[in-house]
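*Asks:* My questions will all concern the structure given below.
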Amino acid sequence: MFKRNLIFIFFGIILLGIGLVIGFFSQRLSPLKNNFNSAVSHEFINPIVNLNLDKHFIINFQPLKEKFIAIQEKYPQKTYIYFNYLNNASWIGLNEKDLFTAASTIKVPLAMALFKAIEEGKLKLTDEYSLEELDLNENFGELYKVGPEKQFTIEELMKIMLEQSDNTAMNAIDNIFKKIGIENPLNNVYEFMGWQESNNELIPVMGKLPNYQDINLKTLSNMFLALYNATYINTENSNKILMYLINSPFNEKLVAGVPEDIPVAHKIGIAADKETFSDCGIIYAPNREYILCVGSGGTDEKSANQFITEVSKATYQFVINN
């Protein structure tokens with residue numbers, strides 16, 4: 001009997017010890033458990049909200065659209081506007097799906113195609129190319145003045161093409177593609193972004209540069225979205241293209257509508273013979289970045305610039321003040 005009582009006492013002490021240990025750790029772990037449950041309860045919510053950045057969300061852009069309409073009514077020419085607020089993907093547009101002459105905006109997807117070829121090992125940025133007589137084009141840019149046989153690296157040509165919107169550099173890059181067996185380097189870029197060739201020949205034809213075809217602002221903005229999110233080429237190369245576009249000296253359209261210290265990665269399109277002018281890019285407003293693409297057709301460049309700048313200014317002021 002005495003031995004049996006000792007056994008019960010012994011097991012009782014063990015069970016008591018286990019209970020004390022469990023109780024101790026339960027108290028220690030309860031804050032962690034509470035924190036875990038708190039985290040789990042928000043797992044389906046946009047993390048930006050938990051970081052207290054939701055104050056930079058803007059949901060209602062109807063007032064901005066009304067501003068766009070009022071601006072459009074002041075100008076007799078055909079005009080186009082597309083806006084995409086990058087924080088929460090809200091967008092508005094006016095005539096954003098109407099086709100107009102793409103002009104030099106084609107140089108951005110060409111640069112994307114070039115970087116894709118580099119990422120696939122088909123070319124190197126350090127590869128050198130000698131300008132040929134057929135590359136020279138005096139319609140836009142100054143590179144043609146150096147004449148044939150002048151050597152440039154691929155990176156130098158890309159920089160000149162994007163920053164200066166130079167047609168000779170563009171022709172040279174197109175010729176580089178041909179030398180490695182790629183007749184139309186834009187096909188893959190357009191296919192990736194869902195740009196399909198249509199009866200209007202939406203896809204520009206390479207090889208007869210400058211041979212600019214039609215495009216619309218909605219699809220034009222996709223190239224900047226792809227660069228911003230680094231979805232077509234890698235982060236480093238996407239960033240490099242945007243850096244070149246920020247360094248562009250053409251400041252009389254979108255750039256003229258924002259403060260001087262605000263970076264704008266943009267590409268102008270000028271088809272003076274068709275009285276069509278456009279500018280499309282990313283405006284890096286503090287914590288409130290957005291894509292803005294604006295076009296004007298059927299007037300001179302001065303009137304087009306005034307329209308594009310007025311839209312840009314109204315957009316920036318709305319985004320910053322709401």
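Residues in the structure tokens are named by chain (A, B, ... in the order shown) and by number from 1 within that chain; ligands are numbered from 1 in the order shown.
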Enumerate as a PyMOL selection string all residues of region 61-251 of chain A assigned to strand (DSSP E) by DSSP on the backbone, naming them with the chain letters and numbers the document uses.

*Replies:* chain A and resi 78-85+90-94+100-101+128-130+151-153+214-215

*Asks:* Can you pull out every residue within 12 Å of Asn175 (chain A), counting only C-alpha atoms, but drop anything in the same chain fewer than 2 positions away, and send it as a PyMOL selection string?

*Replies:* chain A and resi 110+114+129-136+154+157+168-173+177-185+206-209

*Asks:* For the residues in that selection, give me N, CA and C atoms as a tab-separated table (two decimals), in the first residue's frame.

*Replies:*
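As written to disk, result-v2.tsv reads:
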chain	number	residue	atom	x	y	z
A	110	LEU	N	11.36	49.04	-79.77
A	110	LEU	CA	12.57	48.58	-80.45
A	110	LEU	C	13.71	48.39	-79.44
A	114	LEU	N	15.67	44.98	-78.33
A	114	LEU	CA	17.12	44.89	-78.33
A	114	LEU	C	17.63	44.31	-77.02
A	129	TYR	N	29.31	48.52	-84.00
A	129	TYR	CA	28.65	48.57	-85.31
A	129	TYR	C	29.11	49.83	-86.04
A	130	SER	N	29.44	49.67	-87.32
A	130	SER	CA	29.84	50.81	-88.15
A	130	SER	C	28.63	51.29	-88.94
A	131	LEU	N	28.34	52.55	-88.84
A	131	LEU	CA	27.20	53.11	-89.57
A	131	LEU	C	27.35	52.87	-91.07
A	132	GLU	N	26.23	52.57	-91.71
A	132	GLU	CA	26.21	52.38	-93.15
A	132	GLU	C	25.46	53.54	-93.81
A	133	GLU	N	25.69	53.70	-95.09
A	133	GLU	CA	25.07	54.81	-95.82
A	133	GLU	C	23.56	54.79	-95.70
A	134	LEU	N	22.97	53.59	-95.74
A	134	LEU	CA	21.52	53.47	-95.68
A	134	LEU	C	20.96	53.79	-94.31
A	135	ASP	N	21.81	53.79	-93.29
A	135	ASP	CA	21.35	54.12	-91.93
A	135	ASP	C	21.07	55.61	-91.78
A	136	LEU	N	21.78	56.42	-92.52
A	136	LEU	CA	21.76	57.86	-92.31
A	136	LEU	C	20.39	58.44	-92.64
A	154	ILE	N	26.55	49.08	-79.33
A	154	ILE	CA	25.09	48.96	-79.32
A	154	ILE	C	24.50	49.83	-78.22
A	157	LEU	N	24.37	53.44	-79.36
A	157	LEU	CA	23.29	53.66	-80.33
A	157	LEU	C	21.93	53.70	-79.65
A	168	THR	N	18.73	57.95	-87.29
A	168	THR	CA	19.90	57.21	-87.78
A	168	THR	C	20.26	56.09	-86.82
A	169	ALA	N	20.23	56.37	-85.53
A	169	ALA	CA	20.51	55.34	-84.52
A	169	ALA	C	19.47	54.23	-84.60
A	170	MET	N	18.23	54.63	-84.83
A	170	MET	CA	17.15	53.64	-84.96
A	170	MET	C	17.37	52.74	-86.18
A	171	ASN	N	17.72	53.33	-87.30
A	171	ASN	CA	18.00	52.54	-88.51
A	171	ASN	C	19.16	51.57	-88.29
A	172	ALA	N	20.18	52.05	-87.58
A	172	ALA	CA	21.34	51.20	-87.30
A	172	ALA	C	20.95	49.99	-86.46
A	173	ILE	N	20.12	50.22	-85.45
A	173	ILE	CA	19.69	49.12	-84.60
A	173	ILE	C	18.85	48.13	-85.39
A	177	PHE	N	19.71	44.03	-86.09
A	177	PHE	CA	18.81	42.88	-86.00
A	177	PHE	C	18.85	42.05	-87.27
A	178	LYS	N	18.84	42.69	-88.40
A	178	LYS	CA	18.85	41.96	-89.66
A	178	LYS	C	20.12	41.13	-89.82
A	179	LYS	N	21.23	41.65	-89.33
A	179	LYS	CA	22.51	40.95	-89.46
A	179	LYS	C	22.55	39.68	-88.60
A	180	ILE	N	21.69	39.61	-87.59
A	180	ILE	CA	21.64	38.37	-86.78
A	180	ILE	C	20.40	37.54	-87.12
A	181	GLY	N	19.77	37.88	-88.25
A	181	GLY	CA	18.67	37.06	-88.75
A	181	GLY	C	17.30	37.39	-88.21
A	182	ILE	N	17.12	38.55	-87.59
A	182	ILE	CA	15.81	38.94	-87.06
A	182	ILE	C	15.26	40.05	-87.95
A	183	GLU	N	14.31	39.72	-88.80
A	183	GLU	CA	13.77	40.68	-89.77
A	183	GLU	C	12.83	41.68	-89.11
A	184	ASN	N	12.01	41.24	-88.19
A	184	ASN	CA	11.08	42.14	-87.53
A	184	ASN	C	11.16	41.95	-86.02
A	185	PRO	N	12.04	42.70	-85.37
A	185	PRO	CA	12.26	42.52	-83.93
A	185	PRO	C	11.08	42.93	-83.06
A	206	MET	N	9.05	47.33	-89.84
A	206	MET	CA	10.46	47.72	-89.74
A	206	MET	C	11.12	47.51	-91.10
A	207	GLY	N	12.25	48.16	-91.30
A	207	GLY	CA	13.03	47.94	-92.51
A	207	GLY	C	12.92	49.07	-93.51
A	208	LYS	N	11.90	49.89	-93.39
A	208	LYS	CA	11.75	51.04	-94.28
A	208	LYS	C	11.62	52.29	-93.41
A	209	LEU	N	12.56	52.44	-92.54
A	209	LEU	CA	12.50	53.50	-91.55
A	209	LEU	C	12.83	54.86	-92.15

*Asks:* Measuring between only C-alpha atoms, which one of A:Lys159, A:Lys253, A:Lys267, A:Lys116 shows the shortest distance to Val311 (chain A)?

*Replies:*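 Smallest distance to Val311 (chain A) is found for A:Lys253.
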
*Asks:* Of the candidates A:Thr101, A:Asn322, A:Ser296, A:Gln164, which shows the shortest atom-to-atom distance to Ala271 (chain A), using only C-alpha atoms?

*Replies:*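 Answer, going by the shortest atom-to-atom distance: A:Thr101.
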
*Asks:* What's around Ile320 (chain A) at 8 Å? Count only C-alpha atoms, leave out sequence neighbours fewer than 3 positions away in its own chain, and write the answer as number ranges by chain.

*Replies:* A: 285, 288, 316-317

*Asks:* Write the selection just made, keeping N, CA and C atoms, as a CSV table (one decimal), in the first residue's frame?

*Replies:*
chain,number,residue,atom,x,y,z
A,285,ALA,N,5.6,61.5,-59.8
A,285,ALA,CA,5.1,62.3,-58.7
A,285,ALA,C,5.3,61.6,-57.4
A,288,ARG,N,3.0,59.0,-55.9
A,288,ARG,CA,1.8,59.0,-56.7
A,288,ARG,C,2.1,59.0,-58.2
A,316,TYR,N,-1.2,66.6,-63.1
A,316,TYR,CA,-0.3,66.6,-62.0
A,316,TYR,C,-1.0,67.3,-60.8
A,317,GLN,N,-1.6,68.4,-61.0
A,317,GLN,CA,-2.2,69.1,-59.9
A,317,GLN,C,-3.3,68.3,-59.2

*Asks:* Can you tell me, as a VMD selection string, what residues are no more than 10 Å from region 59-74 of chain A when counting only C-alpha atoms, ignoring any on the same chain fewer than 6 positions away?

*Replies:* chain A and resid 80 to 83 85 88 to 94 307 to 308 310 to 312 314 to 315 317 to 319 322

*Asks:* Identify, with DSSP run on backbone atoms, the residues in region 155-253 of chain A assigned to alpha helix (DSSP H), and express the list as a short mmCIF file (atom, residue, chain, number, x, y, z; two decimals) with C-alpha atoms, in the first residue's frame.

*Replies:*
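Wrote selection-v3.cif, looks like this:
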data_model
loop_
_atom_site.label_atom_id
_atom_site.label_comp_id
_atom_site.auth_asym_id
_atom_site.auth_seq_id
_atom_site.Cartn_x
_atom_site.Cartn_y
_atom_site.Cartn_z
CA GLU A 155 24.65 50.69 -75.97
CA GLU A 156 25.75 54.02 -77.46
CA LEU A 157 23.29 53.66 -80.33
CA MET A 158 20.46 52.79 -77.98
CA LYS A 159 21.22 55.78 -75.77
CA ILE A 160 21.24 58.15 -78.75
CA MET A 161 18.05 56.64 -80.14
CA LEU A 162 16.11 57.00 -76.89
CA GLU A 163 17.48 60.26 -75.52
CA GLN A 164 17.71 62.15 -78.82
CA ASN A 167 16.37 58.16 -86.66
CA THR A 168 19.90 57.21 -87.78
CA ALA A 169 20.51 55.34 -84.52
CA MET A 170 17.15 53.64 -84.96
CA ASN A 171 18.00 52.54 -88.51
CA ALA A 172 21.34 51.20 -87.30
CA ILE A 173 19.69 49.12 -84.60
CA ASP A 174 17.20 47.74 -87.10
CA ASN A 175 20.11 46.80 -89.36
CA ILE A 176 21.87 45.08 -86.45
CA PHE A 177 18.81 42.88 -86.00
CA LYS A 178 18.85 41.96 -89.66
CA LYS A 179 22.51 40.95 -89.46
CA LEU A 186 8.99 44.14 -82.83
CA ASN A 187 6.83 41.06 -83.37
CA ASN A 188 7.62 39.48 -80.03
CA VAL A 189 7.24 42.74 -78.12
CA TYR A 190 3.82 43.46 -79.60
CA GLU A 191 2.68 39.88 -79.12
CA PHE A 192 3.70 39.97 -75.45
CA LEU A 217 -2.82 55.53 -76.56
CA LYS A 218 -4.26 52.58 -74.63
CA THR A 219 -1.84 50.14 -76.20
CA LEU A 220 0.98 52.67 -76.33
CA SER A 221 0.83 52.96 -72.55
CA ASN A 222 1.35 49.20 -72.20
CA MET A 223 5.03 49.49 -73.11
CA PHE A 224 5.60 51.88 -70.21
CA LEU A 225 3.63 49.63 -67.88
CA ALA A 226 5.80 46.69 -68.96
CA LEU A 227 8.93 48.72 -68.23
CA TYR A 228 7.61 50.01 -64.90
CA THR A 235 14.70 44.97 -63.81
CA GLU A 236 18.16 46.31 -64.67
CA ASN A 237 17.40 46.70 -68.37
CA SER A 238 13.92 48.11 -67.81
CA ASN A 239 15.42 50.67 -65.47
CA LYS A 240 18.09 51.57 -68.02
CA ILE A 241 15.53 52.32 -70.73
CA LEU A 242 13.51 54.47 -68.32
CA MET A 243 16.68 56.31 -67.29
CA TYR A 244 17.47 57.14 -70.93
CA LEU A 245 13.91 58.39 -71.42
CA ILE A 246 14.14 60.57 -68.31
#

*Asks:* Quote the spacing between CA of Phe152 (chain A) and CA of Leu125 (chain A) in Å to one decimal place.

*Replies:*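 Separation between CA of Phe152 (chain A) and CA of Leu125 (chain A): 10.3 Å.
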